[in-house]
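As provided, entry10.txt (compact mmCIF, C-alpha atoms and all ligand atoms) reads as follows.
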```txt
# COMPACT_ATOMS: atom_id res chain seq x y z
CA MET A 1 -13.32 15.48 6.81
CA ASP A 2 -15.28 15.22 3.58
CA GLN A 3 -13.91 13.69 0.37
CA ILE A 4 -16.05 15.84 -1.93
CA THR A 5 -14.96 19.10 -0.30
CA THR A 6 -11.33 18.01 -0.26
CA GLY A 7 -11.62 16.92 -3.91
CA LYS A 8 -12.99 20.30 -5.01
CA PHE A 9 -10.25 22.04 -3.04
CA ILE A 10 -7.53 19.94 -4.71
CA ALA A 11 -8.93 20.88 -8.15
CA GLU A 12 -9.13 24.54 -7.17
CA ARG A 13 -5.56 24.65 -5.86
CA ARG A 14 -4.21 22.66 -8.82
CA LYS A 15 -5.74 25.15 -11.28
CA ALA A 16 -4.47 28.05 -9.19
CA ARG A 17 -0.99 26.60 -9.58
CA GLY A 18 -1.53 26.32 -13.35
CA LEU A 19 -1.20 22.53 -13.42
CA THR A 20 -3.17 19.95 -15.40
CA GLN A 21 -4.21 16.68 -13.69
CA ARG A 22 -1.52 14.95 -15.73
CA GLU A 23 1.18 17.40 -14.64
CA LEU A 24 0.23 17.10 -10.97
CA ALA A 25 0.17 13.29 -11.29
CA ASP A 26 3.65 13.29 -12.83
CA LEU A 27 5.00 15.45 -10.02
CA LEU A 28 3.70 12.88 -7.52
CA ASN A 29 4.69 9.86 -9.60
CA ILE A 30 1.11 8.55 -9.74
CA SER A 31 -1.48 8.11 -12.49
CA ASP A 32 -3.68 11.03 -13.56
CA LYS A 33 -6.68 8.74 -12.93
CA THR A 34 -5.83 8.92 -9.26
CA VAL A 35 -5.81 12.73 -9.31
CA SER A 36 -9.11 12.67 -11.18
CA LYS A 37 -10.56 10.31 -8.53
CA TRP A 38 -9.56 12.61 -5.69
CA GLU A 39 -11.03 15.63 -7.43
CA ARG A 40 -14.32 13.83 -7.99
CA GLY A 41 -14.42 12.96 -4.29
CA GLY A 42 -13.77 9.28 -5.01
CA GLY A 43 -11.22 8.92 -2.22
CA LEU A 44 -8.79 10.81 -0.04
CA PRO A 45 -5.10 10.80 -0.98
CA GLU A 46 -3.15 8.20 0.95
CA VAL A 47 -1.31 9.44 4.00
CA SER A 48 2.06 8.84 2.31
CA LEU A 49 1.04 11.14 -0.57
CA MET A 50 -0.45 13.92 1.52
CA LEU A 51 2.74 15.85 2.27
CA PRO A 52 4.07 15.81 -1.32
CA LEU A 53 0.62 16.74 -2.64
CA CYS A 54 0.29 19.63 -0.19
CA LYS A 55 3.76 20.84 -1.14
CA GLU A 56 2.75 20.98 -4.81
CA LEU A 57 -0.53 22.73 -4.00
CA ASP A 58 1.09 25.09 -1.49
CA ILE A 59 -1.32 24.22 1.33
CA SER A 60 -1.05 22.42 4.68
CA VAL A 61 -2.30 18.88 5.29
CA ASN A 62 -4.80 20.37 7.71
CA GLU A 63 -6.16 22.60 4.94
CA LEU A 64 -6.23 19.66 2.51
CA LEU A 65 -8.37 17.63 4.93
CA SER A 66 -10.56 20.60 5.78
CA GLY A 67 -11.04 21.36 2.09
CA LYS A 68 -10.33 25.08 2.46
CA LYS A 69 -7.78 27.69 3.45
CA LEU A 70 -7.87 28.14 7.23
CA SER A 71 -7.52 31.21 9.41
CA ASP A 72 -5.28 30.97 12.47
CA SER A 73 -8.20 30.53 14.84
CA GLU A 74 -9.79 27.77 12.76
CA TYR A 75 -6.47 26.01 12.34
CA LYS A 76 -6.13 24.39 15.75
CA GLN A 77 -9.65 23.00 16.06
CA ASN A 78 -9.63 21.62 12.51
CA ALA A 79 -6.22 20.03 13.03
CA GLU A 80 -7.46 18.07 16.02
CA ASP A 81 -10.65 16.92 14.31
CA ASN A 82 -8.73 15.89 11.20
CA ILE A 83 -6.06 13.96 13.07
CA LEU A 84 -8.71 11.95 14.92
CA SER A 85 -10.58 11.12 11.69
CA LEU A 86 -7.36 10.08 9.98
CA ILE A 87 -6.35 7.78 12.81
CA GLN A 88 -9.73 6.07 12.59
CA GLU A 89 -9.38 5.59 8.82
CA GLU A 90 -5.89 4.17 9.11
CA ARG A 91 -6.97 1.77 11.83
CA ALA A 92 -9.53 0.34 9.47
CA LYS A 93 -6.71 -0.50 7.07
CA THR A 94 -4.98 -2.61 9.66
CA LYS A 95 -1.53 -3.99 9.07
CA PHE A 96 -2.47 -7.11 10.99
CA GLN A 97 -1.55 -9.48 8.16
CA THR A 98 1.92 -8.01 7.80
CA ILE A 99 2.56 -8.59 11.49
CA ILE A 100 1.37 -12.20 11.21
CA ALA A 101 3.63 -12.69 8.16
CA VAL A 102 6.68 -11.53 10.13
CA ILE A 103 5.80 -13.83 13.04
CA VAL A 104 5.38 -16.80 10.67
CA VAL A 105 8.77 -16.18 9.05
CA VAL A 106 10.61 -15.76 12.36
CA ALA A 107 8.91 -18.76 14.02
CA THR A 108 9.39 -21.17 11.12
CA PHE A 109 12.94 -19.95 10.54
CA PHE A 110 13.95 -20.79 14.11
CA ALA A 111 12.03 -24.08 14.08
CA GLY A 112 13.81 -25.09 10.87
CA LEU A 113 17.16 -23.89 12.16
CA THR A 114 16.70 -25.91 15.36
CA LEU A 115 16.08 -29.09 13.35
CA ILE A 116 19.17 -28.47 11.22
CA MET A 117 21.33 -27.80 14.26
CA LEU A 118 20.01 -30.89 16.07
CA SER A 119 21.11 -32.96 13.10
CA GLY A 120 24.64 -31.77 13.78
CA PHE A 121 24.63 -32.25 17.55
CA LEU A 122 22.74 -35.50 18.09
CA GLU A 123 24.11 -38.97 17.59
CA MET A 124 22.20 -40.58 14.71
CA LYS A 125 22.49 -42.41 11.45
CA THR A 126 23.57 -40.30 8.45
CA LEU A 127 20.23 -40.96 6.74
CA TYR A 128 18.31 -39.47 9.68
CA ARG A 129 20.73 -36.57 9.78
CA ILE A 130 20.05 -35.74 6.13
CA LEU A 131 16.32 -36.22 6.66
CA LEU A 132 16.36 -33.75 9.55
CA ILE A 133 18.22 -31.15 7.44
CA VAL A 134 15.72 -31.58 4.59
CA ILE A 135 12.74 -31.24 6.94
CA GLY A 136 14.33 -28.14 8.49
CA ALA A 137 14.81 -26.56 5.07
CA VAL A 138 11.22 -27.40 4.05
CA VAL A 139 9.88 -25.80 7.25
CA ILE A 140 11.81 -22.58 6.57
CA LEU A 141 10.72 -22.41 2.91
CA THR A 142 7.08 -23.10 3.84
CA GLY A 143 7.19 -20.26 6.34
CA ILE A 144 8.53 -17.88 3.70
CA GLY A 145 5.84 -19.07 1.25
CA VAL A 146 3.02 -18.48 3.74
CA ALA A 147 4.42 -15.06 4.60
CA VAL A 148 4.65 -14.03 0.94
CA ALA A 149 1.05 -15.15 0.39
CA LEU A 150 -0.08 -13.07 3.40
CA GLU A 151 1.97 -10.09 2.26
CA ILE A 152 0.36 -10.14 -1.18
CA THR A 153 -3.21 -10.39 0.04
CA CYS A 154 -2.77 -7.56 2.56
CA GLY A 155 -1.68 -5.07 -0.07
CA ALA A 156 -2.78 -4.01 -3.51
CA PHE A 157 -0.89 -2.51 -6.42
CA GLU A 158 -1.93 0.47 -8.47
CA CYS A 159 -1.50 0.47 -12.25
CA ARG A 160 0.42 3.54 -13.40
CA LYS A 161 -1.38 3.59 -16.74
CA CYS A 162 -5.02 3.48 -15.68
CA GLY A 163 -5.05 3.77 -11.88
CA HIS A 164 -6.73 0.38 -11.42
CA ARG A 165 -5.89 -1.33 -8.12
CA PHE A 166 -5.44 -5.06 -8.01
CA VAL A 167 -3.94 -7.92 -6.03
CA PRO A 168 -1.41 -9.80 -8.19
CA SER A 169 -1.17 -13.61 -8.30
CA VAL A 170 1.57 -15.21 -6.22
CA GLY A 171 3.44 -16.16 -9.41
CA ALA A 172 3.28 -12.65 -10.87
CA TYR A 173 4.27 -11.18 -7.53
CA LEU A 174 7.34 -13.38 -7.17
CA MET A 175 8.39 -12.95 -10.80
CA GLY A 176 7.88 -9.17 -10.89
CA ILE A 177 11.06 -7.10 -10.80
CA HIS A 178 10.69 -4.66 -7.95
CA THR A 179 12.01 -1.70 -6.00
CA ALA A 180 11.12 -0.97 -2.37
CA THR A 181 7.75 0.56 -3.23
CA THR A 182 6.96 -0.48 -6.79
CA ARG A 183 6.79 -3.70 -8.75
CA LEU A 184 6.71 -4.37 -12.49
CA LEU A 185 3.30 -5.98 -13.00
CA LYS A 186 0.72 -6.45 -15.73
CA CYS A 187 -2.56 -4.68 -15.02
CA PRO A 188 -5.57 -7.04 -15.31
CA LYS A 189 -7.77 -4.14 -16.48
CA CYS A 190 -5.80 -2.35 -19.23
CA LYS A 191 -3.34 -5.27 -19.82
CA LYS A 192 -0.38 -2.90 -19.81
CA THR A 193 2.78 -3.64 -17.86
CA SER A 194 4.00 -0.82 -15.66
CA TRP A 195 5.77 -0.01 -12.39
CA CYS A 196 2.85 -0.43 -10.02
CA ALA A 197 3.00 1.28 -6.65
CA ARG A 198 2.08 -0.65 -3.52
CA ARG A 199 -1.10 0.52 -1.84
CA MET A 200 -2.38 -0.58 1.53
CA SER A 201 -5.84 -1.43 0.28
CA LEU A 202 -8.23 -1.63 -2.63
CA SER A 203 -10.32 1.03 -0.92
CA THR A 204 -10.30 3.74 -3.62
CA GLU A 205 -11.47 1.19 -6.14
CA GLU A 206 -14.10 -0.19 -3.77
CA LYS A 207 -15.46 3.26 -3.04
CA GLU A 208 -15.67 3.99 -6.75
CA ASN A 209 -17.45 0.70 -7.44
CA ASN A 210 -19.94 1.53 -4.70
CA GLN A 211 -20.58 4.91 -6.26
CA ASN A 212 -21.10 3.38 -9.69
CA ALA A 213 -23.48 0.77 -8.29
ZN ZN A 301 -4.12 -0.53 -15.96
```

As structure tokens, what does this structure read like?
Amino acid sequence: MDQITTGKFIAERRKARGLTQRELADLLNISDKTVSKWERGGGLPEVSLMLPLCKELDISVNELLSGKKLSDSEYKQNAEDNILSLIQEERAKTKFQTIIAVIVVVATFFAGLTLIMLSGFLEMKTLYRILLIVIGAVVILTGIGVAVALEITCGAFECRKCGHRFVPSVGAYLMGIHTATTRLLKCPKCKKTSWCARRMSLSTEEKENNQNA
């Protein structure tokens, strides 16, 4: 797997299909900066985008990762090599924080719930009962807060206007109107507000920064 070879192949196939970078980007609902990055070898398309991209370019994922059209005999060996490389890349972008966030929410939710239920079952003064309910509610809300903070830091968002990837502030994240995969956020680079797509990492940006350095 080689980003430069794959990038050149994407450009070649895009032109063969008579598409501009902009047109291909629109078909995939991403920014044309992202397409440009791929074609310059600045990063591989994310796994979630690979199938739609290959469909538009009329190639297989195996060919995309190999950076060329494959004969039947080459196909099997390349497929195995590519799958192994991809698994290694994805492991690096671990979803560890998301798992921790879920555990925090579940654990604090049940701890809080237990306190609230105890206040109903145990014999005690009304003041203590109310206090227990308040503490229970605070525990649950704190858990949700911690989980949201973890969720934000484990993912990045990609600006639709300029392709810049960034991690939003907690305030902006909570305030942003969202769908399952996108969120209305203001890009810190171009200052435009757009429906930013969630990305697992800042990696494309980091790679590009490294290349510029
Ligand atoms: Zn931007």

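Our summary of the geometry notes that atom CA of Ile30 of chain A is positioned 26.8 Å from atom CA of Leu84 of chain A.
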
Counting all atoms listed in the file, what are the residues of chain A within 8 Å of ligand ZN 301 (chain A), and for each of them which pair of atoms is the nearest and at what distance in Å, to one decimal? Sort the table by chain and rising number, as CSV.
```
residue,atom,partner,partner_atom,distance
A:Glu158,CA,A:ZN301,ZN,7.9
A:Cys159,CA,A:ZN301,ZN,4.7
A:Arg160,CA,A:ZN301,ZN,6.6
A:Lys161,CA,A:ZN301,ZN,5.0
A:Cys162,CA,A:ZN301,ZN,4.1
A:Gly163,CA,A:ZN301,ZN,6.0
A:His164,CA,A:ZN301,ZN,5.3
A:Lys186,CA,A:ZN301,ZN,7.7
A:Cys187,CA,A:ZN301,ZN,4.5
A:Pro188,CA,A:ZN301,ZN,6.7
A:Lys189,CA,A:ZN301,ZN,5.2
A:Cys190,CA,A:ZN301,ZN,4.1
A:Lys191,CA,A:ZN301,ZN,6.2
A:Lys192,CA,A:ZN301,ZN,5.9
A:Thr193,CA,A:ZN301,ZN,7.8
```

Item to complete: Work out how far apart atom CA of Lys8 of chain A and atom CA of Trp38 of chain A are and give it in Å to one decimal.
Response: 8.4 Å

Fill in: Residue nearest Arg199 of chain A among A:Val47, A:Ile133, A:Ile144, A:Leu57 (counting all atoms listed in the file)
A:Val47

Discussion item. As a list in words, please: the residues near Met1 of chain A (cut-off 8 Å, only C-alpha atoms, same-chain neighbours under 6 positions excluded).
Written reply: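 In the requested format, the answer is Leu65, Ser66, Gly67, Asn82 and Ser85 of chain A.
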
Discussion item. Here is a test: counting all atoms listed in the file, which residue of A:Leu44, A:Ile130, A:Thr34, A:Glu39 is nearest to Ala11 of chain A?
Written reply: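 So, comparing all the options, the nearest one is A:Glu39.
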
Worksheet entry | Spatial neighbours of Arg13 of chain A, 12 Å, only C-alpha atoms, chain gap at least 3 places, as a PyMOL selection string | chain A and resi 6-10+16-21+24+39+53-60+63-64+67-69

Worksheet item: Quick one, how far is atom CA of Gln77 of chain A from atom CA of Pro52 of chain A?
Response: 23.3 Å

Worksheet item: Hey, what's within 9 Å of Arg22 of chain A if we count all atoms listed in the file and toss same-chain stuff fewer than 5 positions away? As a ChimeraX atom specification, please?
Response: /A:27,31-33,35

Discussion item. Using all atoms listed in the file for the distances, tell me which of A:Thr5, A:Tyr128, A:Val139, A:Arg165 is nearest to Thr108 of chain A.
Written reply: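 Using all atoms listed in the file, Thr108 of chain A sits closest to A:Val139.
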